[in-house]
$ cat work-v7.txt   # compact mmCIF, C-alpha atoms and all ligand atoms
# COMPACT_ATOMS: atom_id res chain seq x y z
CA MET E 7 18.35 -11.15 -20.36
CA ALA E 8 15.67 -13.11 -22.12
CA ASN E 9 12.86 -10.79 -21.24
CA ASN E 10 12.32 -7.66 -23.21
CA THR E 11 13.63 -5.08 -20.77
CA LYS E 12 12.57 -2.26 -23.09
CA ASP E 13 8.90 -3.22 -22.95
CA ILE E 14 8.09 -2.24 -19.39
CA GLN E 15 4.98 -0.59 -18.03
CA ILE E 16 4.02 0.36 -14.48
CA LEU E 17 0.48 -1.00 -14.21
CA ASP E 18 -0.27 -0.05 -10.61
CA GLN E 19 1.55 1.69 -7.82
CA ASP E 20 1.10 2.27 -4.13
CA ILE E 21 3.69 4.64 -2.69
CA ASP E 22 3.84 5.37 1.01
CA ASP E 23 6.55 7.38 2.78
CA GLY E 24 9.20 6.78 0.12
CA ALA E 25 8.59 3.03 -0.18
CA GLY E 26 6.47 1.59 -2.96
CA THR E 27 4.71 -1.49 -4.23
CA PHE E 28 4.39 -1.74 -7.99
CA ARG E 29 2.67 -4.10 -10.40
CA VAL E 30 4.85 -4.05 -13.48
CA ARG E 31 4.34 -5.54 -16.93
CA VAL E 32 7.53 -6.80 -18.58
CA GLY E 33 6.71 -7.98 -22.07
CA LYS E 34 3.81 -10.37 -21.56
CA GLY E 35 4.59 -11.11 -17.92
CA VAL E 36 3.90 -9.36 -14.63
CA ARG E 37 6.19 -8.73 -11.63
CA TYR E 38 5.26 -7.36 -8.23
CA LEU E 39 8.01 -5.09 -6.89
CA ASN E 40 8.38 -3.99 -3.28
CA ILE E 41 10.89 -1.17 -3.33
CA GLU E 42 12.27 -0.01 0.01
CA LYS E 43 12.58 3.63 0.91
CA GLY E 44 15.89 5.08 -0.28
CA VAL E 45 16.49 2.66 -3.17
CA PHE E 46 15.51 5.33 -5.68
CA PRO E 47 14.92 9.05 -5.05
CA ASP E 48 11.30 10.05 -4.38
CA ASN E 49 10.95 11.83 -7.73
CA ILE E 50 11.84 8.60 -9.55
CA MET E 51 9.52 6.47 -7.40
CA SER E 52 6.54 8.69 -8.05
CA HIS E 53 7.18 9.14 -11.77
CA PRO E 54 6.38 5.99 -13.80
CA ALA E 55 8.52 6.91 -16.83
CA ALA E 56 11.51 7.71 -14.60
CA LEU E 57 11.04 4.49 -12.65
CA VAL E 58 10.92 2.46 -15.87
CA SER E 59 14.26 4.00 -16.90
CA ALA E 60 15.74 3.23 -13.47
CA LEU E 61 14.54 -0.38 -13.70
CA ILE E 62 16.05 -0.77 -17.17
CA ARG E 63 19.39 0.36 -15.69
CA GLU E 64 19.06 -2.23 -12.89
CA PRO E 65 17.88 -5.37 -14.73
CA GLN E 66 18.24 -7.60 -11.64
CA CYS E 67 15.09 -5.85 -10.39
CA LEU E 68 13.12 -7.57 -13.15
CA PRO E 69 13.99 -11.28 -13.12
CA ASP E 70 12.97 -13.49 -16.01
CA ASN E 71 10.21 -15.37 -14.24
CA ASP E 72 6.68 -14.16 -14.76
CA TRP E 73 4.50 -13.22 -11.88
CA THR E 74 7.23 -13.00 -9.31
CA ASP E 75 7.49 -10.90 -6.17
CA VAL E 76 10.74 -8.98 -5.91
CA ASP E 77 11.87 -7.18 -2.74
CA ILE E 78 14.36 -4.47 -3.67
CA SER E 79 16.64 -2.76 -1.16
CA ARG E 80 20.16 -1.32 -0.93
CA ASN E 81 22.82 -3.14 1.04
CA GLY E 82 25.42 -1.53 3.35
CA ARG E 83 27.64 -0.69 0.37
CA GLY E 84 24.80 1.11 -1.34
CA GLU E 85 24.36 -1.61 -3.98
CA ILE E 86 20.93 -2.73 -5.03
CA SER E 87 20.02 -6.12 -3.67
CA THR E 88 16.99 -8.16 -4.61
CA THR E 89 15.16 -11.11 -3.12
CA THR E 90 12.65 -12.93 -5.25
CA SER E 91 9.79 -15.14 -4.22
CA ALA E 92 7.07 -16.83 -6.18
CA TYR E 93 3.58 -15.81 -5.18
CA SER E 94 2.29 -19.16 -4.02
CA TYR E 95 -0.52 -20.29 -6.24
CA ASP E 96 -1.48 -23.40 -4.41
CA GLU E 97 -4.44 -25.04 -6.10
CA ASP E 98 -5.69 -26.38 -2.76
CA ASP E 99 -5.03 -23.18 -0.92
CA ILE E 100 -6.52 -20.60 -3.22
CA LYS E 101 -10.14 -19.95 -2.42
CA LEU E 102 -10.84 -17.87 -5.47
CA GLU E 103 -11.52 -20.91 -7.58
CA LEU E 104 -11.84 -20.90 -11.32
CA GLU E 105 -15.42 -22.03 -11.31
CA HIS E 106 -16.84 -19.54 -13.70
CA GLU E 107 -17.12 -20.78 -17.24
CA HIS E 108 -15.18 -17.88 -18.73
CA ALA E 109 -11.75 -16.63 -17.77
CA VAL E 110 -9.87 -13.81 -19.46
CA GLU E 111 -6.19 -12.93 -19.04
CA VAL E 112 -5.88 -9.45 -17.56
CA LEU E 113 -3.22 -8.30 -20.05
CA MET E 114 -5.61 -9.04 -22.91
CA LEU E 115 -7.95 -6.31 -21.68
CA SER E 116 -7.08 -2.77 -22.67
CA SER E 117 -8.38 0.14 -20.67
CA LYS E 118 -10.66 2.65 -22.39
CA ASN E 119 -11.16 4.67 -19.23
CA LYS E 120 -9.61 4.37 -15.79
CA ILE E 121 -12.29 4.86 -13.14
CA ARG E 122 -9.90 4.32 -10.27
CA SER E 123 -6.79 2.25 -9.64
CA GLY E 124 -8.01 -1.32 -10.25
CA VAL E 125 -11.34 -0.36 -11.89
CA ASP E 126 -11.29 0.22 -15.64
CA GLU E 127 -13.77 0.41 -18.44
CA VAL E 128 -12.68 -2.09 -21.11
CA GLU E 129 -14.00 -3.67 -24.29
CA TRP E 130 -14.98 -7.32 -24.16
CA HIS E 131 -15.30 -9.44 -27.27
CA GLY E 132 -16.88 -12.49 -25.65
CA PRO E 133 -15.25 -15.68 -24.37
CA ASP E 134 -13.76 -16.64 -27.74
CA GLY E 135 -12.55 -13.10 -28.45
CA ASN E 136 -14.47 -12.83 -31.73
CA GLY E 137 -17.76 -11.33 -30.61
CA ALA E 138 -18.96 -7.77 -31.08
CA ALA E 139 -17.38 -5.31 -28.65
CA VAL E 140 -19.33 -4.89 -25.41
CA ALA E 141 -18.54 -2.21 -22.83
CA ALA E 142 -17.42 -3.89 -19.61
CA ILE E 143 -15.95 -3.01 -16.25
CA ALA E 144 -12.78 -4.80 -15.15
CA LYS E 145 -12.20 -4.75 -11.40
CA ILE E 146 -8.96 -6.36 -10.25
CA ALA E 147 -6.75 -6.87 -7.22
CA CYS E 148 -3.76 -4.67 -8.09
CA PHE E 149 -1.85 -6.21 -5.18
CA HIS E 150 -2.08 -9.52 -3.36
CA ASP E 151 -3.64 -8.00 -0.23
CA GLN E 152 -6.71 -7.01 -2.28
CA LEU E 153 -7.42 -10.61 -3.34
CA PRO E 154 -9.80 -11.36 -0.43
CA ARG E 155 -12.08 -8.50 -1.53
CA ILE E 156 -12.16 -9.81 -5.10
CA GLU E 157 -12.79 -13.28 -3.74
CA THR E 158 -15.82 -12.00 -1.81
CA GLU E 159 -17.10 -10.12 -4.85
CA THR E 160 -16.71 -13.22 -7.03
CA TRP E 161 -18.65 -15.28 -4.48
CA ALA E 162 -21.48 -12.72 -4.45
CA TYR E 163 -21.77 -12.56 -8.25
CA LYS E 164 -21.84 -16.35 -8.45
CA GLU E 165 -24.70 -16.41 -5.94
CA LEU E 166 -26.53 -13.74 -7.91
CA GLU E 167 -25.93 -15.46 -11.24
CA ASP E 168 -27.19 -18.75 -9.79
CA ALA E 169 -30.37 -17.07 -8.57
CA TYR E 170 -30.76 -15.43 -11.98
CA LYS E 171 -30.36 -18.73 -13.82
CA GLN E 172 -32.91 -20.42 -11.57
CA GLY E 173 -35.37 -17.65 -12.39
CA SER E 174 -35.59 -16.44 -8.81
CA ARG E 175 -34.43 -12.97 -9.82
CA PRO E 176 -37.37 -11.18 -11.39
CA THR E 177 -35.59 -8.09 -12.68
CA ALA E 178 -32.01 -7.09 -13.37
CA VAL E 179 -30.67 -5.69 -10.10
CA PHE E 180 -26.95 -6.28 -10.72
CA PRO E 181 -24.56 -6.22 -13.68
CA ARG E 182 -24.04 -9.53 -15.44
CA PHE E 183 -20.85 -11.35 -14.48
CA LEU E 184 -19.08 -11.80 -17.81
CA ALA E 185 -15.88 -13.57 -16.80
CA GLN E 186 -13.32 -14.09 -14.15
CA ILE E 187 -10.13 -12.11 -14.77
CA VAL E 188 -6.92 -14.10 -14.35
CA GLU E 189 -3.23 -13.20 -14.40
CA HIS E 190 -1.03 -16.05 -15.65
CA GLY E 191 -3.99 -18.27 -14.80
CA ARG E 192 -4.42 -16.97 -11.24
CA PRO E 193 -7.88 -15.52 -10.53
CA MET E 194 -7.54 -11.85 -9.57
CA GLY E 195 -10.54 -9.92 -10.86
CA VAL E 196 -14.09 -9.74 -12.12
CA LEU E 197 -15.32 -8.64 -15.53
CA LEU E 198 -18.79 -7.12 -15.34
CA GLU E 199 -21.34 -5.73 -17.71
CA LYS E 200 -20.95 -1.94 -17.78
CA LEU E 201 -24.15 -0.35 -16.56
CA GLU E 202 -25.41 2.95 -17.93
CA GLY E 203 -26.48 5.60 -15.47
CA ASP E 204 -25.33 7.66 -12.54
CA HIS E 205 -25.25 7.25 -8.79
CA ALA E 206 -28.32 7.33 -6.58
CA GLY E 207 -29.71 10.08 -4.38
CA ILE E 208 -32.39 10.29 -1.73
CA ASP E 209 -35.09 10.65 -4.43
CA ASP E 210 -34.27 7.09 -5.47
CA LEU E 211 -34.81 5.62 -1.99
CA ALA E 212 -37.87 3.50 -2.82
CA GLU E 213 -36.26 1.92 -5.90
CA CYS E 214 -32.94 1.35 -4.10
CA ALA E 215 -34.71 -0.28 -1.13
CA ALA E 216 -36.54 -2.61 -3.54
CA VAL E 217 -33.22 -3.64 -5.06
CA VAL E 218 -31.68 -4.28 -1.64
CA ARG E 219 -34.69 -6.40 -0.66
CA GLN E 220 -34.07 -8.52 -3.76
CA LEU E 221 -30.47 -9.11 -2.69
CA HIS E 222 -31.70 -10.16 0.72
CA ALA E 223 -34.25 -12.48 -0.89
CA VAL E 224 -31.48 -14.36 -2.73
CA GLY E 225 -29.43 -14.65 0.45
CA ILE E 226 -26.96 -11.76 0.31
CA VAL E 227 -26.35 -8.79 2.58
CA HIS E 228 -24.51 -6.12 0.57
CA GLY E 229 -22.44 -4.71 3.43
CA ASP E 230 -21.30 -1.48 1.78
CA LEU E 231 -24.32 0.46 0.57
CA ASN E 232 -23.67 4.04 -0.43
CA ARG E 233 -24.99 6.28 -3.20
CA TYR E 234 -22.09 5.34 -5.53
CA ASN E 235 -22.81 1.63 -5.28
CA PHE E 236 -26.13 2.08 -7.05
CA VAL E 237 -26.30 2.79 -10.77
CA VAL E 238 -29.50 4.56 -11.78
CA ASP E 239 -30.43 4.48 -15.45
CA ARG E 240 -32.83 7.38 -16.05
CA ARG E 241 -33.10 7.08 -19.82
CA ASN E 242 -36.41 7.09 -21.68
CA GLY E 243 -38.30 8.63 -18.76
CA LYS E 244 -37.88 5.44 -16.72
CA LYS E 245 -35.80 4.68 -13.68
CA VAL E 246 -33.92 1.38 -13.47
CA VAL E 247 -31.77 0.93 -10.35
CA ARG E 248 -29.02 -1.64 -10.01
CA VAL E 249 -26.42 -2.31 -7.34
CA ILE E 250 -22.66 -2.98 -7.67
CA ASP E 251 -19.55 -3.40 -5.47
CA PHE E 252 -19.95 -6.65 -3.53
CA GLU E 253 -16.51 -6.59 -1.87
CA LYS E 254 -18.06 -6.64 1.59
CA ALA E 255 -21.03 -8.90 0.86
CA GLU E 256 -22.01 -11.60 3.34
CA PRO E 257 -24.46 -14.48 3.48
CA PHE E 258 -27.88 -13.31 4.67
CA ILE E 259 -28.22 -12.54 8.38
CA LYS E 260 -31.58 -11.06 9.35
CA GLU E 261 -30.22 -8.42 11.74
CA LYS E 262 -27.62 -7.19 9.24
CA ALA E 263 -30.16 -7.12 6.44
CA GLU E 264 -32.58 -5.05 8.51
CA ALA E 265 -29.81 -2.72 9.63
CA GLU E 266 -28.64 -2.00 6.08
CA LEU E 267 -32.20 -1.26 4.96
CA GLN E 268 -32.72 1.04 7.93
CA SER E 269 -29.56 3.02 7.23
CA LEU E 270 -30.22 3.27 3.49
CA ALA E 271 -31.87 6.71 3.54
CA ALA E 272 -28.97 8.21 5.50
CA LYS E 273 -26.49 6.62 3.05
CA LEU E 274 -28.31 8.09 0.06
CA GLU E 275 -28.40 11.53 1.69
CA ASP E 276 -24.70 11.45 2.59
CA GLU E 277 -22.83 14.06 0.56
CA SER E 278 -19.38 13.44 2.06
CA GLY E 279 -18.24 11.65 -1.10
CA ILE E 280 -17.52 8.40 0.78
CA GLY E 281 -17.76 5.52 -1.69
CA GLY E 282 -17.12 7.81 -4.67
CA THR E 283 -13.89 7.67 -6.65
CA PHE E 284 -12.91 11.15 -5.44
CA GLY E 285 -13.05 9.81 -1.88
CA MET E 286 -10.15 7.43 -2.47
CA PRO E 287 -6.77 7.80 -0.78
CA ILE E 288 -4.52 10.40 -2.35
CA GLU E 289 -1.85 7.98 -3.54
CA GLN E 290 -4.48 5.89 -5.33
CA GLU E 291 -5.88 8.99 -6.93
CA ALA E 292 -2.38 9.98 -8.09
CA ALA E 293 -1.82 6.51 -9.55
CA ALA E 294 -5.19 6.62 -11.30
CA GLY E 295 -4.40 10.00 -12.81
CA GLN E 296 -1.02 8.94 -14.16
CA GLN E 297 -2.22 6.15 -16.40
N1 LIG R 301 -20.67 -2.62 -13.62
C1 LIG R 301 -20.47 -1.31 -13.57
N2 LIG R 301 -21.11 -0.48 -14.44
C2 LIG R 301 -20.91 0.85 -14.41
N3 LIG R 301 -20.07 1.47 -13.56
C3 LIG R 301 -19.39 0.71 -12.67
C4 LIG R 301 -19.55 -0.71 -12.63
N4 LIG R 301 -18.74 -1.19 -11.67
C5 LIG R 301 -18.10 -0.14 -11.13
N5 LIG R 301 -18.48 1.02 -11.73
C6 LIG R 301 -18.02 2.38 -11.42
O1 LIG R 301 -16.78 2.29 -10.75
C7 LIG R 301 -16.89 2.80 -9.42
C8 LIG R 301 -16.01 1.97 -8.49
O2 LIG R 301 -16.43 0.61 -8.54
P1 LIG R 301 -16.82 -0.14 -7.20
O3 LIG R 301 -17.14 -1.55 -7.57
O4 LIG R 301 -17.89 0.62 -6.50
O5 LIG R 301 -15.46 -0.13 -6.39
P2 LIG R 301 -14.97 0.68 -5.10
O6 LIG R 301 -16.11 1.51 -4.54
O7 LIG R 301 -14.54 -0.40 -4.18
O8 LIG R 301 -13.86 1.54 -5.60
C9 LIG R 301 -18.38 2.76 -9.10
O9 LIG R 301 -18.77 3.69 -8.11
C10 LIG R 301 -18.99 3.07 -10.47
O10 LIG R 301 -18.93 4.46 -10.73
MG MG R 302 -18.09 1.38 -4.63
$ encode --input "work-v7.txt" --output "structure tokens"
Amino acid sequence: MANNTKDIQILDQDIDDGAGTFRVRVGKGVRYLNIEKGVFPDNIMSHPAALVSALIREPQCLPDNDWTDVDISRNGRGEISTTTSAYSYDEDDIKLELEHEHAVEVLMLSSKNKIRSGVDEVEWHGPDGNGAAVAAIAKIACFHDQLPRIETETWAYKELEDAYKQGSRPTAVFPRFLAQIVEHGRPMGVLLEKLEGDHAGIDDLAECAAVVRQLHAVGIVHGDLNRYNFVVDRRNGKKVVRVIDFEKAEPFIKEKAEAELQSLAAKLEDESGIGGTFGMPIEQEAAAGQQ
């Protein structure tokens, strides 16, 4: 086969009851594999190195085309059978438009620290790749069904950046939007300035509320406020609060804006871990820990 079947890496995985969805790098291309239960034993499915070996033995699982969806099953005779489809990247259809001035190919970014599956700390060298290294956060849709959330987040950052450029944002209440992340040209993530600090607590209520009011003033309801979606920089005896995670943001609606301000104290007091990376589903946690 033309592709380099030795250079394979499981980038993301979502395993549920013996079946799995995998985002796989083959050389410089990416495939999305849907592997039915029973195709490979559970211990191979859940072990990236073992799965890579199994895929090398079954090269039809990794067709030559980049960025292809492959459904893998076993037929009645126990042989592996595959059906491929191209993820439709219809210019008219796709709402996550490439409007932002900078786009970076996801495989060009290398992870320095995996925060969770789909959220990594990376180094960014500017749009032309030659600038000084800046710490950034790459947040991507590991699978197609996560694209709407990234689309919403991209919309929110564009709104915030527009307000910032027009000077209607007095202080920095969100990370700068550095670039859109694309995979073979298809938008699928956001690259953000990495903020320094830790999550908020009830002692930060006044500062957090001020930040939320600024979002409302530029026409955005956050939609998912919790203590982990604030980053509080407490260096130099000062307190600078910023807000992240706009996956559930919406255009301003007065009732929703008031409701999220009213529930803010309870959200900052909540110690259940909801919104934190240790609150994520077990299979995501396992995937995050394996890479
Ligand atoms: N720009 C950023 N700067 C610093 N840390 C970030 C940034 N974006 C995300 N993080 C960290 O990654 C975690 C997960 O990111 P987030 O956007 O909240 O996604 P989700 O809550 O949907 O998993 C955050 O709680 C925070 O710890
Ligand atoms: Mg969050």
$ residues_near_ligand --input "work-v7.txt" --ligand "ligand MG 302 (chain R)" --cutoff "8 Å" --atoms "only C-alpha atoms and all ligand atoms" --output "list of chain:residue names"
E:Asp230, E:Asn232, E:Tyr234, E:Asn235, E:Ile250, E:Asp251, E:Gly281, E:Gly282, E:Thr283
$ residues_near_ligand --input "work-v7.txt" --ligand "ligand LIG 301 (chain R)" --cutoff "10 Å" --atoms "all atoms listed in the file" --output "PyMOL selection string"
chain E and resi 120-127+141-146+155-156+159+180-183+196-205+230-238+248-254+280-286
$ atom_distance --input "work-v7.txt" --atom1 "CA of Asn71 in chain E" --atom2 "CA of Ile21 in chain E"
24.0 Å
$ residues_around --input "work-v7.txt" --residues "range 13-19 of chain E" --least-positions-apart "4" --cutoff "6 Å" --atoms "all atoms listed in the file" --output "list in words"
Thr27, Phe28, Arg29, Val30, Arg31, Val32 and Gly33 of chain E
$ residues_around --input "work-v7.txt" --residues "range 212-222 of chain E" --least-positions-apart "4" --cutoff "7 Å" --atoms "only C-alpha atoms" --output "PyMOL selection string"
chain E and resi 179+226-227+247-248+258+263+267
$ write_last_selection --input "work-v7.txt" --atoms "C-alpha atoms" --output "PDB file, keeping the file's coordinate frame"
ATOM      1  CA  VAL E 179     -30.670  -5.690 -10.100  1.00  0.00           C
ATOM      2  CA  ILE E 226     -26.960 -11.760   0.310  1.00  0.00           C
ATOM      3  CA  VAL E 227     -26.350  -8.790   2.580  1.00  0.00           C
ATOM      4  CA  VAL E 247     -31.770   0.930 -10.350  1.00  0.00           C
ATOM      5  CA  ARG E 248     -29.020  -1.640 -10.010  1.00  0.00           C
ATOM      6  CA  PHE E 258     -27.880 -13.310   4.670  1.00  0.00           C
ATOM      7  CA  ALA E 263     -30.160  -7.120   6.440  1.00  0.00           C
ATOM      8  CA  LEU E 267     -32.200  -1.260   4.960  1.00  0.00           C
TER       9      LEU E 267
END
$ atom_distance --input "work-v7.txt" --atom1 "CA of Ser116 in chain E" --atom2 "CA of Gly135 in chain E"
13.0 Å
$ atom_distance --input "work-v7.txt" --atom1 "CA of Pro65 in chain E" --atom2 "CA of Ser87 in chain E"
11.3 Å
$ residues_around --input "work-v7.txt" --residues "Gln186 in chain E" --least-positions-apart "5" --cutoff "12 Å" --atoms "all atoms listed in the file" --output "JSON, numbers by chain"
{"E": [102, 103, 104, 105, 106, 107, 108, 109, 110, 111, 112, 133, 143, 144, 145, 146, 147, 156, 157, 159, 160, 161, 163, 164, 191, 192, 193, 194, 195, 196, 197, 198]}
$ closest_residue --input "work-v7.txt" --among "E:Ala255, E:Val246, E:Leu211, E:Ala185" --to "Lys273 in chain E" --atoms "only C-alpha atoms"
E:Leu211
$ residues_around --input "work-v7.txt" --residues "Gly24 in chain E" --least-positions-apart "2" --cutoff "6 Å" --atoms "all atoms listed in the file" --output "PyMOL selection string"
chain E and resi 22+43+48
$ closest_residue --input "work-v7.txt" --among "E:Ile41, E:Gln172, E:Arg241, E:Lys12" --to "Ala55 in chain E" --atoms "all atoms listed in the file"
E:Lys12
